[in-house]
Amino acid sequence: MHILVLMLALMTVGPAFAGADDVKPIKLVVLGDSLSAGLGLSASDAFPAKLQKALQAQGLPIDLTNAGVSGDTSSGGRDRLDWSVPDGTEAVIVELGANDALRGIDPAVTRKALTEIVTRLKARGIAVMLCGMLAPPNYGSDYAAKFNAIYPDLAKEFGVPLYPFFLDGVAADPKLNQADGIHPTAAGVDIIVSQMLPTAEAFLRPLRGQ
């Protein structure tokens with residue numbers, strides 16, 4: 001009798017388990033520098049962790065890897081791309097370029113590195129979203145024009161979504177940045193995530209046919 005009851009119970013819950021299995025989390029990597037690594041913050045306050053939580057609250061299960069490395073340039077991200085983005089990854093958010101701009105690296109070098117990153121990811125069948133960065137004013141308008149154009153140009157060339165400026169609403173606000181004036185506080189990260197969420201959702205939902 002007990003066996004019969006158990007079998008009936010399993011038959012009842014079986015379809016529910018099957019349905020849950022159908023909704024597999026999206027394997028997402030955030031490839032970035034200290035802005036995504038979460039320099040000066042706890043792991044739970046870093047951008048990738050808060051983005052994952054926000055996406056899950058919208059009904060998007062995410063298996064997220066924080067591949068942010070403090071101090072990394074676009075070229076550094078390119079050089080570690082293969083081991084930072086493992087096989088099975090379905091989507092990558094690229095957040096690189098801030099250190100290039102801070103160091104005054106030739107925009108042509110940054111453009112080449114980001115182009116290679118997007119090219120190689122797309123060749124692996126991985127969806128890509130770019131996070132743009134703006135050059136600081138101290139290198140002059142010519143440098144800024146060349147650097148700032150990189151992200152919209154690549155988004156158009158490769159047909160990938162772009163969040164125009166990663167630090168939008170946070171940059172240069174002392175209340176939202178740590179003492180260095182560069183890295184967001186936890187409250188600053190909250191603003192970045194809330195503003196980027198619609199773009200990230202639109203990027204990721206098609207991967208599950210939503």
# chains A, B, ... in the order shown; residues from 1 in each chain; ligands from 1
call {"tool": "closest_atom_pairs", "arguments": {"of": "range 127-170 of chain A", "to": "range 100-112 of chain A", "cutoff": "9 Å", "atoms": "only C-alpha atoms", "output": "CSV"}}
result
residue,atom,partner,partner_atom,distance
A:Met133,CA,A:Ala101,CA,8.3
A:Leu134,CA,A:Ala101,CA,7.6
A:Ala135,CA,A:Ala101,CA,5.2
A:Pro136,CA,A:Ala101,CA,6.9
A:Tyr139,CA,A:Gly104,CA,6.9
A:Tyr143,CA,A:Pro107,CA,7.4
A:Ala144,CA,A:Ala101,CA,8.6
A:Lys146,CA,A:Pro107,CA,6.2
A:Phe147,CA,A:Pro107,CA,5.1
A:Asn148,CA,A:Pro107,CA,8.8
A:Ile150,CA,A:Arg111,CA,5.9
A:Tyr151,CA,A:Arg111,CA,8.3
A:Leu154,CA,A:Arg111,CA,8.3
call {"tool": "closest_atom_pairs", "arguments": {"of": "range 161-208 of chain A", "to": "range 121-130 of chain A", "cutoff": "7 Å", "atoms": "only C-alpha atoms", "output": "CSV"}}
result
residue,atom,partner,partner_atom,distance
A:Pro161,CA,A:Met129,CA,5.1
A:Leu162,CA,A:Leu130,CA,4.8
A:Tyr163,CA,A:Leu130,CA,6.3
call {"tool": "residues_around", "arguments": {"residues": "Ile62 in chain A", "least_positions_apart": "3", "cutoff": "10 Å", "atoms": "only C-alpha atoms", "output": "number ranges by chain"}}
result
A: 24-29, 51-56, 59, 65, 204
call {"tool": "select_by_dssp", "arguments": {"residues": "chain A", "states": "alpha helix (DSSP H)", "output": "PDB file with C-alpha atoms, in the first residue's frame"}}
result
ATOM      1  CA  HIS A   2       2.811   2.383   0.930  1.00  0.00           C
ATOM      2  CA  ILE A   3       4.582   1.679  -2.368  1.00  0.00           C
ATOM      3  CA  LEU A   4       1.405   2.471  -4.319  1.00  0.00           C
ATOM      4  CA  VAL A   5       1.002   5.794  -2.465  1.00  0.00           C
ATOM      5  CA  LEU A   6       4.640   6.671  -3.156  1.00  0.00           C
ATOM      6  CA  MET A   7       4.280   5.859  -6.866  1.00  0.00           C
ATOM      7  CA  LEU A   8       1.144   8.012  -7.108  1.00  0.00           C
ATOM      8  CA  ALA A   9       2.951  10.858  -5.350  1.00  0.00           C
ATOM      9  CA  LEU A  10       5.892  10.649  -7.751  1.00  0.00           C
ATOM     10  CA  MET A  11       3.545  10.610 -10.734  1.00  0.00           C
ATOM     11  CA  THR A  12       1.871  13.761  -9.377  1.00  0.00           C
ATOM     12  CA  VAL A  13       5.067  15.772  -8.818  1.00  0.00           C
ATOM     13  CA  GLY A  14       6.964  14.393 -11.825  1.00  0.00           C
ATOM     14  CA  PRO A  15       5.724  16.948 -14.361  1.00  0.00           C
ATOM     15  CA  ALA A  16       6.564  19.796 -11.974  1.00  0.00           C
ATOM     16  CA  PHE A  17      10.133  18.593 -11.697  1.00  0.00           C
ATOM     17  CA  ALA A  18      10.312  18.207 -15.455  1.00  0.00           C
ATOM     18  CA  GLY A  19       9.096  21.758 -15.910  1.00  0.00           C
ATOM     19  CA  ALA A  20      11.715  23.076 -13.478  1.00  0.00           C
ATOM     20  CA  ASP A  21      14.448  21.265 -15.394  1.00  0.00           C
ATOM     21  CA  ASP A  22      13.358  22.998 -18.586  1.00  0.00           C
ATOM     22  CA  SER A  34      37.931  46.491 -11.130  1.00  0.00           C
ATOM     23  CA  LEU A  35      34.516  48.065 -11.796  1.00  0.00           C
ATOM     24  CA  SER A  36      33.021  44.604 -12.111  1.00  0.00           C
ATOM     25  CA  ALA A  37      35.533  42.811  -9.875  1.00  0.00           C
ATOM     26  CA  PHE A  47      28.196  44.566  -9.826  1.00  0.00           C
ATOM     27  CA  PRO A  48      27.894  40.964 -11.100  1.00  0.00           C
ATOM     28  CA  ALA A  49      26.334  39.681  -7.860  1.00  0.00           C
ATOM     29  CA  LYS A  50      23.808  42.515  -7.721  1.00  0.00           C
ATOM     30  CA  LEU A  51      22.994  42.152 -11.413  1.00  0.00           C
ATOM     31  CA  GLN A  52      22.389  38.434 -10.955  1.00  0.00           C
ATOM     32  CA  LYS A  53      20.052  39.111  -8.044  1.00  0.00           C
ATOM     33  CA  ALA A  54      18.141  41.751 -10.014  1.00  0.00           C
ATOM     34  CA  LEU A  55      17.757  39.491 -13.049  1.00  0.00           C
ATOM     35  CA  GLN A  56      16.560  36.595 -10.928  1.00  0.00           C
ATOM     36  CA  ALA A  57      13.988  38.894  -9.322  1.00  0.00           C
ATOM     37  CA  SER A  74      41.013  45.617 -22.952  1.00  0.00           C
ATOM     38  CA  SER A  75      44.170  43.897 -24.165  1.00  0.00           C
ATOM     39  CA  GLY A  76      44.463  42.056 -20.848  1.00  0.00           C
ATOM     40  CA  GLY A  77      40.883  40.878 -21.135  1.00  0.00           C
ATOM     41  CA  ARG A  78      41.552  39.648 -24.643  1.00  0.00           C
ATOM     42  CA  ASP A  79      44.680  37.771 -23.570  1.00  0.00           C
ATOM     43  CA  LEU A  81      39.602  35.424 -22.790  1.00  0.00           C
ATOM     44  CA  ASP A  82      39.728  31.670 -23.339  1.00  0.00           C
ATOM     45  CA  TRP A  83      40.149  30.735 -19.690  1.00  0.00           C
ATOM     46  CA  SER A  84      37.963  33.530 -18.340  1.00  0.00           C
ATOM     47  CA  ALA A  98      38.233  52.182 -18.199  1.00  0.00           C
ATOM     48  CA  ASN A  99      41.907  51.475 -17.532  1.00  0.00           C
ATOM     49  CA  ASP A 100      42.749  52.067 -21.189  1.00  0.00           C
ATOM     50  CA  ALA A 101      41.255  55.548 -20.921  1.00  0.00           C
ATOM     51  CA  LEU A 102      42.831  56.307 -17.542  1.00  0.00           C
ATOM     52  CA  ARG A 103      46.275  55.386 -18.905  1.00  0.00           C
ATOM     53  CA  PRO A 107      42.286  54.187 -28.842  1.00  0.00           C
ATOM     54  CA  ALA A 108      43.337  52.113 -31.857  1.00  0.00           C
ATOM     55  CA  VAL A 109      44.834  49.545 -29.463  1.00  0.00           C
ATOM     56  CA  THR A 110      41.659  49.473 -27.378  1.00  0.00           C
ATOM     57  CA  ARG A 111      39.487  49.146 -30.467  1.00  0.00           C
ATOM     58  CA  LYS A 112      41.586  46.263 -31.783  1.00  0.00           C
ATOM     59  CA  ALA A 113      41.436  44.373 -28.472  1.00  0.00           C
ATOM     60  CA  LEU A 114      37.676  44.809 -28.068  1.00  0.00           C
ATOM     61  CA  THR A 115      37.125  43.846 -31.703  1.00  0.00           C
ATOM     62  CA  GLU A 116      39.055  40.621 -31.149  1.00  0.00           C
ATOM     63  CA  ILE A 117      37.089  39.858 -27.972  1.00  0.00           C
ATOM     64  CA  VAL A 118      33.720  40.253 -29.684  1.00  0.00           C
ATOM     65  CA  THR A 119      34.881  38.380 -32.786  1.00  0.00           C
ATOM     66  CA  ARG A 120      36.167  35.407 -30.814  1.00  0.00           C
ATOM     67  CA  LEU A 121      33.104  35.201 -28.575  1.00  0.00           C
ATOM     68  CA  LYS A 122      30.694  35.337 -31.501  1.00  0.00           C
ATOM     69  CA  ALA A 123      32.736  32.664 -33.291  1.00  0.00           C
ATOM     70  CA  SER A 141      38.886  66.303 -27.154  1.00  0.00           C
ATOM     71  CA  ASP A 142      40.630  64.467 -29.994  1.00  0.00           C
ATOM     72  CA  TYR A 143      41.502  61.511 -27.777  1.00  0.00           C
ATOM     73  CA  ALA A 144      38.005  61.490 -26.269  1.00  0.00           C
ATOM     74  CA  ALA A 145      36.330  61.536 -29.678  1.00  0.00           C
ATOM     75  CA  LYS A 146      38.383  58.558 -30.884  1.00  0.00           C
ATOM     76  CA  PHE A 147      37.965  56.587 -27.670  1.00  0.00           C
ATOM     77  CA  ASN A 148      34.272  57.273 -27.087  1.00  0.00           C
ATOM     78  CA  ILE A 150      34.771  52.674 -30.102  1.00  0.00           C
ATOM     79  CA  TYR A 151      31.749  51.190 -28.330  1.00  0.00           C
ATOM     80  CA  PRO A 152      28.899  52.432 -30.539  1.00  0.00           C
ATOM     81  CA  ASP A 153      30.971  51.599 -33.615  1.00  0.00           C
ATOM     82  CA  LEU A 154      31.552  48.000 -32.502  1.00  0.00           C
ATOM     83  CA  ALA A 155      27.937  47.546 -31.386  1.00  0.00           C
ATOM     84  CA  LYS A 156      26.791  48.601 -34.842  1.00  0.00           C
ATOM     85  CA  GLU A 157      29.444  46.574 -36.676  1.00  0.00           C
ATOM     86  CA  PHE A 158      28.706  43.332 -34.845  1.00  0.00           C
ATOM     87  CA  ALA A 186      27.478  49.723  -2.923  1.00  0.00           C
ATOM     88  CA  ALA A 187      24.846  52.425  -3.422  1.00  0.00           C
ATOM     89  CA  GLY A 188      26.515  53.398  -6.686  1.00  0.00           C
ATOM     90  CA  VAL A 189      26.419  49.800  -7.870  1.00  0.00           C
ATOM     91  CA  ASP A 190      22.704  49.709  -7.099  1.00  0.00           C
ATOM     92  CA  ILE A 191      22.160  52.628  -9.468  1.00  0.00           C
ATOM     93  CA  ILE A 192      24.272  51.037 -12.213  1.00  0.00           C
ATOM     94  CA  VAL A 193      22.313  47.797 -11.939  1.00  0.00           C
ATOM     95  CA  SER A 194      18.893  49.452 -11.874  1.00  0.00           C
ATOM     96  CA  GLN A 195      19.684  51.556 -14.940  1.00  0.00           C
ATOM     97  CA  MET A 196      21.274  48.707 -16.880  1.00  0.00           C
ATOM     98  CA  LEU A 197      18.632  46.112 -15.997  1.00  0.00           C
ATOM     99  CA  PRO A 198      16.284  46.765 -18.973  1.00  0.00           C
ATOM    100  CA  THR A 199      19.205  46.452 -21.426  1.00  0.00           C
ATOM    101  CA  ALA A 200      20.477  43.291 -19.742  1.00  0.00           C
ATOM    102  CA  GLU A 201      16.992  41.755 -19.716  1.00  0.00           C
ATOM    103  CA  ALA A 202      16.468  42.505 -23.409  1.00  0.00           C
ATOM    104  CA  PHE A 203      19.859  40.923 -24.083  1.00  0.00           C
ATOM    105  CA  LEU A 204      19.282  37.747 -22.095  1.00  0.00           C
TER     106      LEU A 204
END
call {"tool": "atom_distance", "arguments": {"atom1": "CA of Val170 in chain A", "atom2": "CA of Val85 in chain A"}}
result
28.0 Å
call {"tool": "atom_distance", "arguments": {"atom1": "CA of Leu176 in chain A", "atom2": "CA of Gln58 in chain A"}}
result
25.0 Å
call {"tool": "residues_around", "arguments": {"residues": "His183 in chain A", "least_positions_apart": "3", "cutoff": "8 Å", "atoms": "only C-alpha atoms", "output": "ChimeraX atom specification"}}
result
/A:34-35,39-40,177-178,180
call {"tool": "write_last_selection", "arguments": {"atoms": "all heavy atoms", "output": "PDB file, in the first residue's frame"}}
result
ATOM      1  N   SER A  34      38.272  46.310 -12.538  1.00  0.00           N
ATOM      2  CA  SER A  34      37.931  46.491 -11.130  1.00  0.00           C
ATOM      3  C   SER A  34      36.494  46.956 -10.919  1.00  0.00           C
ATOM      4  O   SER A  34      35.914  46.747  -9.854  1.00  0.00           O
ATOM      5  CB  SER A  34      38.884  47.494 -10.482  1.00  0.00           C
ATOM      6  OG  SER A  34      38.852  48.736 -11.160  1.00  0.00           O
ATOM      7  N   LEU A  35      35.897  47.593 -11.932  1.00  0.00           N
ATOM      8  CA  LEU A  35      34.516  48.065 -11.796  1.00  0.00           C
ATOM      9  C   LEU A  35      33.541  46.909 -11.656  1.00  0.00           C
ATOM     10  O   LEU A  35      32.502  47.034 -11.010  1.00  0.00           O
ATOM     11  CB  LEU A  35      34.133  48.938 -12.992  1.00  0.00           C
ATOM     12  CG  LEU A  35      34.904  50.256 -13.132  1.00  0.00           C
ATOM     13  CD1 LEU A  35      34.512  50.962 -14.419  1.00  0.00           C
ATOM     14  CD2 LEU A  35      34.662  51.159 -11.923  1.00  0.00           C
ATOM     15  N   LEU A  39      36.208  46.096  -6.619  1.00  0.00           N
ATOM     16  CA  LEU A  39      37.288  46.614  -5.782  1.00  0.00           C
ATOM     17  C   LEU A  39      36.728  47.467  -4.648  1.00  0.00           C
ATOM     18  O   LEU A  39      35.926  48.374  -4.863  1.00  0.00           O
ATOM     19  CB  LEU A  39      38.246  47.457  -6.630  1.00  0.00           C
ATOM     20  CG  LEU A  39      39.494  47.985  -5.905  1.00  0.00           C
ATOM     21  CD1 LEU A  39      40.434  46.831  -5.575  1.00  0.00           C
ATOM     22  CD2 LEU A  39      40.226  49.018  -6.752  1.00  0.00           C
ATOM     23  N   GLY A  40      37.144  47.140  -3.413  1.00  0.00           N
ATOM     24  CA  GLY A  40      36.706  47.895  -2.254  1.00  0.00           C
ATOM     25  C   GLY A  40      35.342  47.507  -1.718  1.00  0.00           C
ATOM     26  O   GLY A  40      34.870  48.116  -0.750  1.00  0.00           O
ATOM     27  N   ASN A 177      30.633  57.261  -4.923  1.00  0.00           N
ATOM     28  CA  ASN A 177      31.946  56.686  -5.214  1.00  0.00           C
ATOM     29  C   ASN A 177      32.775  56.573  -3.950  1.00  0.00           C
ATOM     30  O   ASN A 177      32.579  57.316  -2.984  1.00  0.00           O
ATOM     31  CB  ASN A 177      32.681  57.536  -6.249  1.00  0.00           C
ATOM     32  CG  ASN A 177      32.128  57.355  -7.648  1.00  0.00           C
ATOM     33  OD1 ASN A 177      32.437  56.393  -8.331  1.00  0.00           O
ATOM     34  ND2 ASN A 177      31.276  58.284  -8.069  1.00  0.00           N
ATOM     35  N   GLN A 178      33.700  55.625  -3.986  1.00  0.00           N
ATOM     36  CA  GLN A 178      34.617  55.453  -2.873  1.00  0.00           C
ATOM     37  C   GLN A 178      35.605  56.621  -2.826  1.00  0.00           C
ATOM     38  O   GLN A 178      35.578  57.517  -3.671  1.00  0.00           O
ATOM     39  CB  GLN A 178      35.335  54.114  -3.007  1.00  0.00           C
ATOM     40  CG  GLN A 178      34.380  52.916  -3.001  1.00  0.00           C
ATOM     41  CD  GLN A 178      35.081  51.602  -3.241  1.00  0.00           C
ATOM     42  OE1 GLN A 178      36.110  51.301  -2.640  1.00  0.00           O
ATOM     43  NE2 GLN A 178      34.518  50.782  -4.135  1.00  0.00           N
ATOM     44  N   ASP A 180      38.532  57.023  -3.686  1.00  0.00           N
ATOM     45  CA  ASP A 180      39.385  57.260  -4.861  1.00  0.00           C
ATOM     46  C   ASP A 180      38.662  58.044  -5.950  1.00  0.00           C
ATOM     47  O   ASP A 180      39.272  58.471  -6.932  1.00  0.00           O
ATOM     48  CB  ASP A 180      39.937  55.950  -5.429  1.00  0.00           C
ATOM     49  CG  ASP A 180      38.848  54.977  -5.886  1.00  0.00           C
ATOM     50  OD1 ASP A 180      37.672  55.380  -6.003  1.00  0.00           O
ATOM     51  OD2 ASP A 180      39.188  53.804  -6.143  1.00  0.00           O
TER      52      ASP A 180
END
call {"tool": "select_by_dssp", "arguments": {"residues": "range 4-209 of chain A", "states": "strand (DSSP E or B)", "output": "ChimeraX atom specification"}}
result
/A:26-32,62-68,91-95,127-131,162-163,177,184
call {"tool": "write_last_selection", "arguments": {"atoms": "N, CA, C and O atoms", "output": "compact mmCIF listing (two decimals), in the first residue's frame"}}
result
# COMPACT_ATOMS: atom_id res chain seq x y z
N ILE A 26 20.81 30.68 -17.26
CA ILE A 26 21.68 31.15 -18.34
C ILE A 26 23.09 31.30 -17.80
O ILE A 26 23.31 31.96 -16.78
N LYS A 27 24.03 30.68 -18.46
CA LYS A 27 25.44 30.78 -18.03
C LYS A 27 26.03 32.08 -18.56
O LYS A 27 26.31 32.21 -19.76
N LEU A 28 26.20 33.04 -17.66
CA LEU A 28 26.63 34.39 -18.00
C LEU A 28 27.96 34.71 -17.35
O LEU A 28 28.17 34.40 -16.17
N VAL A 29 28.85 35.33 -18.11
CA VAL A 29 30.14 35.79 -17.59
C VAL A 29 30.21 37.30 -17.74
O VAL A 29 29.85 37.84 -18.79
N VAL A 30 30.64 37.99 -16.68
CA VAL A 30 30.95 39.42 -16.78
C VAL A 30 32.47 39.53 -16.89
O VAL A 30 33.20 39.24 -15.94
N LEU A 31 32.93 39.91 -18.08
CA LEU A 31 34.36 40.04 -18.36
C LEU A 31 34.74 41.50 -18.17
O LEU A 31 34.33 42.36 -18.97
N GLY A 32 35.49 41.80 -17.12
CA GLY A 32 35.74 43.20 -16.86
C GLY A 32 36.98 43.49 -16.04
O GLY A 32 37.86 42.64 -15.89
N ILE A 62 19.95 32.90 -13.49
CA ILE A 62 21.28 33.20 -14.02
C ILE A 62 22.34 32.44 -13.24
O ILE A 62 22.34 32.44 -12.01
N ASP A 63 23.24 31.80 -13.96
CA ASP A 63 24.44 31.20 -13.37
C ASP A 63 25.60 32.10 -13.79
O ASP A 63 26.10 32.01 -14.90
N LEU A 64 25.98 33.02 -12.89
CA LEU A 64 26.88 34.12 -13.27
C LEU A 64 28.29 33.92 -12.71
O LEU A 64 28.47 33.55 -11.56
N THR A 65 29.27 34.20 -13.56
CA THR A 65 30.68 34.17 -13.16
C THR A 65 31.24 35.58 -13.24
O THR A 65 31.14 36.24 -14.28
N ASN A 66 31.84 36.03 -12.15
CA ASN A 66 32.50 37.34 -12.13
C ASN A 66 33.93 37.15 -12.61
O ASN A 66 34.80 36.67 -11.88
N ALA A 67 34.18 37.53 -13.86
CA ALA A 67 35.53 37.45 -14.43
C ALA A 67 36.13 38.85 -14.52
O ALA A 67 36.73 39.22 -15.53
N GLY A 68 35.93 39.62 -13.45
CA GLY A 68 36.54 40.94 -13.38
C GLY A 68 37.92 40.85 -12.75
O GLY A 68 38.09 40.18 -11.72
N ALA A 91 26.45 33.65 -22.62
CA ALA A 91 26.43 35.10 -22.81
C ALA A 91 27.56 35.75 -22.02
O ALA A 91 27.94 35.27 -20.95
N VAL A 92 28.08 36.85 -22.58
CA VAL A 92 29.14 37.61 -21.91
C VAL A 92 28.79 39.09 -21.95
O VAL A 92 28.43 39.63 -23.00
N ILE A 93 28.88 39.73 -20.79
CA ILE A 93 28.82 41.18 -20.71
C ILE A 93 30.25 41.68 -20.62
O ILE A 93 30.98 41.32 -19.69
N VAL A 94 30.68 42.47 -21.60
CA VAL A 94 32.05 42.97 -21.66
C VAL A 94 32.10 44.37 -21.05
O VAL A 94 31.49 45.30 -21.57
N GLU A 95 32.82 44.48 -19.95
CA GLU A 95 33.01 45.76 -19.25
C GLU A 95 34.50 46.03 -19.17
O GLU A 95 35.15 45.71 -18.17
N ALA A 127 26.59 34.91 -27.01
CA ALA A 127 25.99 36.24 -27.15
C ALA A 127 26.83 37.27 -26.39
O ALA A 127 27.36 36.98 -25.32
N VAL A 128 26.91 38.48 -26.94
CA VAL A 128 27.77 39.51 -26.37
C VAL A 128 26.98 40.80 -26.16
O VAL A 128 26.19 41.21 -27.01
N MET A 129 27.21 41.43 -25.00
CA MET A 129 26.70 42.77 -24.72
C MET A 129 27.87 43.64 -24.31
O MET A 129 28.70 43.24 -23.49
N LEU A 130 27.97 44.83 -24.89
CA LEU A 130 29.05 45.76 -24.58
C LEU A 130 28.60 46.81 -23.58
O LEU A 130 27.49 47.33 -23.67
N CYS A 131 29.48 47.11 -22.63
CA CYS A 131 29.29 48.25 -21.74
C CYS A 131 30.29 49.33 -22.14
O CYS A 131 31.50 49.09 -22.11
N LEU A 162 24.34 47.48 -26.68
CA LEU A 162 25.29 48.37 -26.02
C LEU A 162 24.60 49.11 -24.88
O LEU A 162 23.53 49.70 -25.07
N TYR A 163 25.22 49.08 -23.71
CA TYR A 163 24.85 49.99 -22.64
C TYR A 163 25.86 51.13 -22.72
O TYR A 163 27.05 50.91 -22.45
N ASN A 177 30.63 57.26 -4.92
CA ASN A 177 31.95 56.69 -5.21
C ASN A 177 32.77 56.57 -3.95
O ASN A 177 32.58 57.32 -2.98
N PRO A 184 32.65 52.79 -7.68
CA PRO A 184 31.36 53.02 -7.02
C PRO A 184 31.28 52.38 -5.64
O PRO A 184 31.90 51.34 -5.37
call {"tool": "atom_distance", "arguments": {"atom1": "CA of Leu96 in chain A", "atom2": "CA of Phe166 in chain A"}}
result
9.6 Å
